[in-house]
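Asker: I'd like to ask some things about the structure below.
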Amino acid sequence: MKPTTLYLPAELELEYRLDYFNAGVAAEALECDGVAVSTDKAFDAVRGLRRVW
């Protein structure tokens, strides 16, 4: 885990109005490969993130 893993979710919550858990998933995905496996369309708005499923 990098330090950015801790503050990035808070930034995503504010910028994209994600809930706490989605922000955590989005942060991890952005730091790894940019892909979130989910049916939740909230991820579609996040720049640099691709939602599959």
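Going through the structure tokens in order, the chains are called A, B, and so on, while each chain numbers its residues from 1 and the ligands are numbered from 1 in the order shown.
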Near Asn22 (chain A), counting only C-alpha atoms, which residues have an atom at most 10 Å away, once you skip same-chain residues fewer than 4 positions from it, shown as a list in words?
Answerer: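 Once the nearby chain positions are removed, what remains is Pro9, Leu12, Glu13, Arg17, Leu18, Ala26, Ala27, Glu28, Ala36, Ser38, Asp40, Ala42 and Phe43 of chain A.
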Asker: Write out, as a PDB file, in the first residue's frame, the residues just selected, with N, CA and C atoms.
Answerer:
```pdb
ATOM      1  N   PRO A   9      -8.884   8.033  -1.885  1.00  0.00           N
ATOM      2  CA  PRO A   9     -10.330   7.832  -1.717  1.00  0.00           C
ATOM      3  C   PRO A   9     -11.064   9.091  -1.249  1.00  0.00           C
ATOM      4  N   LEU A  12     -11.444  11.309  -4.210  1.00  0.00           N
ATOM      5  CA  LEU A  12     -12.455  10.796  -5.133  1.00  0.00           C
ATOM      6  C   LEU A  12     -13.874  10.998  -4.587  1.00  0.00           C
ATOM      7  N   GLU A  13     -14.023  10.862  -3.283  1.00  0.00           N
ATOM      8  CA  GLU A  13     -15.340  11.106  -2.672  1.00  0.00           C
ATOM      9  C   GLU A  13     -15.811  12.527  -2.964  1.00  0.00           C
ATOM     10  N   ARG A  17     -18.202  12.541  -6.011  1.00  0.00           N
ATOM     11  CA  ARG A  17     -19.374  12.264  -5.168  1.00  0.00           C
ATOM     12  C   ARG A  17     -19.591  10.758  -4.982  1.00  0.00           C
ATOM     13  N   LEU A  18     -18.488  10.009  -4.867  1.00  0.00           N
ATOM     14  CA  LEU A  18     -18.568   8.572  -4.624  1.00  0.00           C
ATOM     15  C   LEU A  18     -18.789   8.310  -3.147  1.00  0.00           C
ATOM     16  N   ALA A  26     -12.255   2.483  -6.271  1.00  0.00           N
ATOM     17  CA  ALA A  26     -11.743   3.289  -7.379  1.00  0.00           C
ATOM     18  C   ALA A  26     -10.272   3.639  -7.169  1.00  0.00           C
ATOM     19  N   ALA A  27      -9.896   3.996  -5.965  1.00  0.00           N
ATOM     20  CA  ALA A  27      -8.508   4.344  -5.671  1.00  0.00           C
ATOM     21  C   ALA A  27      -7.585   3.158  -5.917  1.00  0.00           C
ATOM     22  N   GLU A  28      -7.967   1.991  -5.426  1.00  0.00           N
ATOM     23  CA  GLU A  28      -7.149   0.796  -5.644  1.00  0.00           C
ATOM     24  C   GLU A  28      -7.030   0.482  -7.129  1.00  0.00           C
ATOM     25  N   ALA A  36     -12.052  -1.314 -12.858  1.00  0.00           N
ATOM     26  CA  ALA A  36     -12.915  -1.706 -11.748  1.00  0.00           C
ATOM     27  C   ALA A  36     -13.949  -2.698 -12.277  1.00  0.00           C
ATOM     28  N   SER A  38     -17.301  -4.073 -11.760  1.00  0.00           N
ATOM     29  CA  SER A  38     -18.492  -3.714 -10.986  1.00  0.00           C
ATOM     30  C   SER A  38     -19.660  -3.443 -11.924  1.00  0.00           C
ATOM     31  N   ASP A  40     -21.777  -1.154 -10.800  1.00  0.00           N
ATOM     32  CA  ASP A  40     -22.136   0.175 -10.302  1.00  0.00           C
ATOM     33  C   ASP A  40     -21.680   1.254 -11.283  1.00  0.00           C
ATOM     34  N   ALA A  42     -21.546   4.323 -10.959  1.00  0.00           N
ATOM     35  CA  ALA A  42     -20.872   5.459 -10.330  1.00  0.00           C
ATOM     36  C   ALA A  42     -19.413   5.553 -10.775  1.00  0.00           C
ATOM     37  N   PHE A  43     -18.819   4.413 -11.125  1.00  0.00           N
ATOM     38  CA  PHE A  43     -17.422   4.396 -11.552  1.00  0.00           C
ATOM     39  C   PHE A  43     -17.223   5.003 -12.938  1.00  0.00           C
TER      40      PHE A  43
END
```
Asker: DSSP says alpha helix (DSSP H) for which residues of chain A? Put them as a VMD selection string?
Answerer: chain A and resid 4 to 16 20 to 32
Asker: Take the selection from the previous step and output its residues with C-alpha atoms, as a compact mmCIF listing (two decimals), in the first residue's frame.
Answerer:
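Result file is selection_23.txt:
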```
# COMPACT_ATOMS: atom_id res chain seq x y z
CA THR A 4 -1.70 7.78 -1.92
CA THR A 5 -3.97 4.80 -1.25
CA LEU A 6 -5.01 6.56 1.95
CA TYR A 7 -5.76 10.05 0.63
CA LEU A 8 -6.96 9.24 -2.89
CA PRO A 9 -10.33 7.83 -1.72
CA ALA A 10 -11.09 11.06 0.13
CA GLU A 11 -10.25 13.05 -2.99
CA LEU A 12 -12.45 10.80 -5.13
CA GLU A 13 -15.34 11.11 -2.67
CA LEU A 14 -15.27 14.87 -3.02
CA GLU A 15 -14.53 15.17 -6.73
CA TYR A 16 -16.86 12.47 -8.04
CA TYR A 20 -16.84 5.68 0.96
CA PHE A 21 -16.57 2.11 -0.33
CA ASN A 22 -16.70 2.98 -4.04
CA ALA A 23 -14.01 5.59 -3.48
CA GLY A 24 -11.77 2.93 -1.95
CA VAL A 25 -12.36 0.54 -4.83
CA ALA A 26 -11.74 3.29 -7.38
CA ALA A 27 -8.51 4.34 -5.67
CA GLU A 28 -7.15 0.80 -5.64
CA ALA A 29 -8.13 0.29 -9.28
CA LEU A 30 -6.51 3.55 -10.37
CA GLU A 31 -3.28 2.63 -8.61
CA CYS A 32 -3.17 -0.87 -10.12
```
